[in-house]
Amino acid sequence: MRSPPTGNLRKFWPASARRGGAAVLLAASTALVAQAGFAPDSPAPANRPVKVLGAGYVSSDACRSCHPGNYASWHDSYHRTMTQVADATNIPAALDGFERAFDGWDYRVERSDGRFFVRKRPQADAARGWLEPQQIVLLTGSHHLKIFWLETGEGRTLVQFPFAYIVEEKIWAPVVQTFVLPPDANNFYAAGEWNGACMDCHVTQGRSRFVDGDKFDSQVSEFGIACEACHSQGADHIAQNRNPLRRYALHLGDRRDPTIANPERLKAAAANLACGQCHSVWAFNSMADKIAWNREGVKFRPGQPDLQQRFVVQPNTPDHPEQKKMIRDTNPHFIGDRFWGDGMIRVTGREMNGILASPCAKGGEFSCLSCHEMHPKNLTAAEQKAWTSDQLKAGLDGDAACLQCHAKMKTQITAHTHHAAASEGSRCYNCHMPHTTYGLLRGIRSHQVSSPTVAESQLHGRPNACNLCHLDQPLAWTADKLTAWYRQPAPALSADDREIASGVRWLLSGDAGQRALVAWGMGWAPAQQAAGREWLYPFLLATLNDPYAAVRFDAWKSLRTLPGFTDFAFDYTMDEAARQAAASAAYARWRDQVRRAGALYPAATILDPAGRFRPDVLQRLLSQRDHRQVFLAE
Amino acid sequence: MNTSDRQLRFGWWALLAYLTLGLALEALQGFKVGWYLDVGHETRRLMFTLAHAHGTLLALVNLAAGLTARTVKGFELAASASRSLLWAALLLPAGFFLGGVVIYDGDPGLGIILVPVGALLLLYGVVRVARDLSRVKE
């Protein structure tokens, strides 16, 4: 082998080649630097809230490199997509060409250059033509509902597109018909409502920045609920942890990193607040706090012992008496729109109110993170997908959640529940966290751990856990069981309490909130298993014409769980005449084609042996209906 | 055994070991082993990949050093350079590998401490070989 040439480099690289090489290197470096560092940023859009970092917030982009696993689990979560800048990837394609009318206006959606624009015109004055297009700039929600926000031409102030997308059903509906809202409440969200209220919780470190009139210049640290919402701002954490010695001292020691909050390491009360800063009914302590919040954003940081500018509104606790009085004076419906009569929360998204009122919380160890986790590890893809729905710890979607503390119950399940150990009646959740909370067009488990009583139904109208399964049984049946099994005092009972199924009474005589819960509950598999299915048809069919849209939706959904109606198409947003016609046709279909010969209809369900309503009882119960206007402020 | 023989022998065995590690990593990929592939284990994947890549490269460096010593007249691989290159080929990949066994989110485990030690040895070995080669008289 020939020896390699030795000696001066210049022998092998003549001067001309060296100069050429240097020139190429210089040009390449210049191009790279220009591309990386000097490319002009596109100007911030002027027609919507924008991301502007401040107060030490750095956004999730800065967390990713050091916490890739936690970033990934957050990225999979619906917290991330709670609010998104609207683009072609997150707006349902079906919105292109969308045309619908609502509340006296025709709406039309057009797509242009990857963006979506809404145009509207007054139905009463169609000759006026379509108004100027408004771009859809943001959307809220991604799991169950997507709600869209339009530019207004008033700075970064937004107004709601009046139609929402219901994800599971892939249908559009007026937003006001996706909540339990009085039927005539067609204009619930005014322009600026997103800036002034929604962004309080649906973004990270939002600043409404009210300018004047209805005009806002809103900024966020991050759209959606990101790392810093739960861990506090990250600038100092990042700066200090550039030092590898500091990092490894933290990795290898027990010391907490004081530059960041980790709810998993906080005491229960503080951990609850990290979630409860949004997942609670809260109010500002004072107008000054509200103004400061709107200008500078939230002062509370996870790990702190209270919400600083705000407080959690619990109707029955003695704290903040002046503020609560003011709330009651200025908005007499505030409490009733959110809580049952005994102070139990009845709307979703406010779970901390339930947690705080739970007996479990009295030990000081119980927190949201007793059952939920935000960053699961070592999950399969299927497990990860399942986790995103409720963000429960692995295995805690059943009794194991309660048995963490109530371990002795593990060997006493049947003795305690008086139900077969493997049955739904022996599941802790079903009795102690029943579906008495409502929101997102469905019944949701109460997060106030409690035991069922007849009194809660008699006094406050809240469906008790027993009758949410045993919908076909009257309250007297439940009272007998609770007295015999748990020595609960026997309540005074009316004739209807003794003779008429609770589910029937709630559906016919209850307020809209009760009706929505029971209409949903009639489609719940454990309830159908316990109470039977045959008698549900006429009630659900009749409920298709309920004045409250959300109740109709739940009746329709439950009807689709029953044989013969699994493919039942029904537009719950139709006008009353169309609804009645559709409901009548569906009833005839059940009566003539689906109804099973020999089916038994329990007397307590007020159906005769042929499955027809007993008209006198039906009319009496309908005449007793609670018609008060219900707005469940979820 | 002179240094070039040692370098060649070590180089070939090291190449075998680090290629086998590569095969093992491919198997982890093939069987989609979460401990290696999950996003939360990104650091482990990076460390193991670096261990494989550096090990293979350093095995080749040792082979090159051995071959250089055999083929360049008047050049003798210094014992210190030889040992440095050998230890670099052990410590650098081992540091990456051990750093991936236990990880702290985005940080590798303490084994990573071996990496700068190995890197310094490598640097010394390369500089020494380059310098000694430059001093060889034709």
# chains A, B, ... in the order shown; residues from 1 in each chain; ligands from 1
$ closest_atom_pairs --of "chain A" --to "chain B" --cutoff "6 Å" --atoms "only C-alpha atoms" --output "Markdown table"
| residue | atom | partner | partner_atom | distance |
| --- | --- | --- | --- | --- |
| A:Ser3 | CA | B:Val72 | CA | 5.3 |
| A:Cys66 | CA | B:Gly106 | CA | 3.9 |
| A:His67 | CA | B:Asp105 | CA | 5.1 |
| A:Pro68 | CA | B:Gly40 | CA | 5.5 |
| A:Gly69 | CA | B:Gly40 | CA | 3.2 |
$ residues_around --residues "segment 82-99 of chain A" --least-positions-apart "3" --cutoff "10 Å" --atoms "only C-alpha atoms" --output "JSON, numbers by chain"
{"A": [48, 49, 50, 77, 78, 79, 106, 107, 108, 109, 110, 111, 112, 113, 114, 115, 116, 117, 118, 119, 120, 135, 136, 137, 138, 139, 140, 141, 142, 143, 146, 147, 148, 149, 150, 165, 167, 170, 171, 172, 198, 199, 201, 202, 203, 204, 222, 223, 224, 225, 226]}
$ residues_around --residues "Pro116 of chain B" --least-positions-apart "5" --cutoff "10 Å" --atoms "only C-alpha atoms" --output "CSV table (one decimal) with N, CA and C atoms, in the first residue's frame"
chain,number,residue,atom,x,y,z
B,88,ALA,N,-11.4,4.9,24.5
B,88,ALA,CA,-12.5,5.7,23.9
B,88,ALA,C,-13.6,4.9,23.3
B,91,LEU,N,-15.5,3.5,26.4
B,91,LEU,CA,-16.2,4.4,27.3
B,91,LEU,C,-17.3,5.3,26.6
B,92,LEU,N,-17.0,5.7,25.4
B,92,LEU,CA,-18.0,6.6,24.7
B,92,LEU,C,-19.3,5.8,24.5
B,95,GLY,N,-20.9,4.9,27.8
B,95,GLY,CA,-21.6,6.1,28.5
B,95,GLY,C,-23.0,6.3,27.9
B,121,LEU,N,-10.3,11.0,25.7
B,121,LEU,CA,-9.4,10.0,25.2
B,121,LEU,C,-9.3,9.9,23.7
B,122,LEU,N,-10.5,10.0,23.1
B,122,LEU,CA,-10.5,9.9,21.7
B,122,LEU,C,-9.8,11.1,21.0
$ select_by_dssp --residues "segment 84-162 of chain A" --states "helix (DSSP H, G or I)" --output "ChimeraX atom specification"
/A:93-95,123-128
$ write_last_selection --atoms "C-alpha atoms" --output "compact mmCIF listing (two decimals), in the first residue's frame"
# COMPACT_ATOMS: atom_id res chain seq x y z
CA ALA A 93 -64.63 19.67 6.06
CA ALA A 94 -68.41 19.54 5.95
CA LEU A 95 -68.48 23.20 6.91
CA GLN A 123 -84.49 36.34 6.25
CA ALA A 124 -86.96 39.19 6.52
CA ASP A 125 -84.98 41.30 4.11
CA ALA A 126 -83.30 38.88 1.72
CA ALA A 127 -82.99 41.63 -0.88
CA ARG A 128 -80.45 43.26 1.37
$ select_by_dssp --residues "chain B" --states "strand (DSSP E)" --output "MDAnalysis selection string"
chainID B and resid 103:104 107:108
